[in-house]
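Engineer: First the structure, then my questions, so here it is.
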Amino acid sequence: MRAVSADDIWRVYNTYLKNKPFVSTSFVPKGSKKLAVDTAQKAVIKEEQINLEDISELDTAKPLQISKTPSSFDRSIEPEFGKTPVIPTPDVKTAQLKNGLEVFSLYSDEVPLVEIKLTIDGALLLESPDKNGTANLVANMLTRGTATKSAEELNKEIRQLGSTITVTAEREQIVLKASTLASNYETTMALIGEILTQPRWDLTEFELAKQTVAGQLQQASADPEAIAKQQLYRLVYPKHHPLANNTLGTEESISKITIDDLIPISLIK
């Protein structure tokens, strides 16, 4: 593999892929032909006709002959019950910081890793009704740079630590998850603090974030599972309840959101 050069890649591409015949198939929801690839044509599906009269019925008059598998013990006798297994529960330690933040911790020394999860209540519940998707954009922007680091610099520093930091918006909370080597715990926590309290709010990154969400909405419109899940929320909650909304928002609501809408609900002390 080390001997492969860029010229080799281009040679294979030009020989076997460029301008070669191919078949592209689109599966889209009924009535959404615009989501299909260009020049796509409706497929003709022929169903095989099955004649039920040709299927012979099972003769239930004769008992089925089932041969028993040879065994070294009598399977007709129920074995005695052993001791009830005891599942050890972890020792969860709790604490509360001066600012009221509740902390739950578990200790394990199997691997030298620290897993961190921080939940911030709100998300859909705190959004303006006409700006659905604000919380998701807040979560998206938090990892797109800080006051002292661009998005590229932040991601590079996280990678150099061998850590991962993600921020996502769920229905009732924004969740930050991080994983780091125990030896880099303090440095990673400092980055988390910077991400949460000193977001960069770069306008270029904000527009990129909105484009990303627009793409996700288009993909979701052709995903049966995503469509069904959203319909479920609309059935479970009243029409104007915030939890009936999509965490991504809608194309209309996303277009109304400005970067100033994100700043007031993102700061943590």
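The way I read the labels, and the way they are meant: chains A, B, ... in the order of the structure tokens, residue 1 as the first residue of every chain, and ligand 1 as the first ligand shown, with later ones counted on from there.
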Please identify all polymer residues within 10 Å of region 123-127 of chain A, counting only C-alpha atoms, omitting same-chain residues fewer than 2 positions from it, and present them as a PyMOL selection string.
Structural biologist: chain A and resi 120-121+129-136+138-139+168-175+241-249+261+265
Engineer: Print the selection's residues with C-alpha atoms to a file, as a CSV table (one decimal), in the first residue's frame.
Structural biologist:
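The file below, result_39.csv, is the result:
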chain,number,residue,atom,x,y,z
A,120,ILE,CA,-28.1,21.0,30.4
A,121,ASP,CA,-31.9,21.0,30.7
A,129,PRO,CA,-42.1,28.8,18.8
A,130,ASP,CA,-41.1,30.4,15.4
A,131,LYS,CA,-37.4,29.5,15.7
A,132,ASN,CA,-37.5,25.8,16.2
A,133,GLY,CA,-33.9,24.3,15.8
A,134,THR,CA,-32.2,27.0,17.9
A,135,ALA,CA,-30.9,24.6,20.5
A,136,ASN,CA,-29.5,22.3,17.9
A,138,VAL,CA,-26.3,26.2,19.8
A,139,ALA,CA,-24.9,22.6,20.3
A,168,THR,CA,-25.7,17.4,20.7
A,169,ALA,CA,-29.2,18.7,21.3
A,170,GLU,CA,-31.7,16.2,22.4
A,171,ARG,CA,-35.4,16.9,23.0
A,172,GLU,CA,-35.2,18.1,26.6
A,173,GLN,CA,-31.5,18.8,27.1
A,174,ILE,CA,-28.2,19.7,25.5
A,175,VAL,CA,-25.6,16.9,26.1
A,241,HIS,CA,-46.3,21.7,22.5
A,242,PRO,CA,-42.5,22.3,21.9
A,243,LEU,CA,-41.8,18.6,22.3
A,244,ALA,CA,-43.9,17.9,19.2
A,245,ASN,CA,-41.3,19.7,17.1
A,246,ASN,CA,-38.2,18.4,15.4
A,247,THR,CA,-34.9,19.0,17.2
A,248,LEU,CA,-33.4,20.0,13.8
A,249,GLY,CA,-36.2,22.5,13.2
A,261,ASP,CA,-30.7,34.1,18.9
A,265,ILE,CA,-29.2,30.7,26.0
Engineer: Kindly give the distance, in Å, that separates CA of Thr250 (chain A) and CA of Ala214 (chain A), rounded to a single decimal.
Structural biologist: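 Here the two named atoms are 8.2 Å from each other.
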Engineer: Find the spatial neighbours of region 12-29 of chain A, counting only C-alpha atoms, within a cut-off of 8 Å - ignore same-chain residues fewer than 5 positions away - and output them as a PyMOL selection string.
Structural biologist: chain A and resi 35-37+40+222
Engineer: Using only C-alpha atoms, pick whichever of A:Lys177, A:Lys229, A:Arg144, A:Lys156 has the shortest atom-to-atom distance to Pro199 (chain A).
Structural biologist: A:Arg144
Engineer: If you run DSSP over the backbone, which residues in region 35-157 of chain A end up alpha helix (DSSP H)? Put them as an MDAnalysis selection string.
Structural biologist: chainID A and resid 134:142 151:157
Engineer: Considering only C-alpha atoms, state which residue in the set A:Gln219, A:Gln230, A:Thr143, A:Thr164 is at the smallest distance from Ile195 (chain A).
Structural biologist: A:Thr143
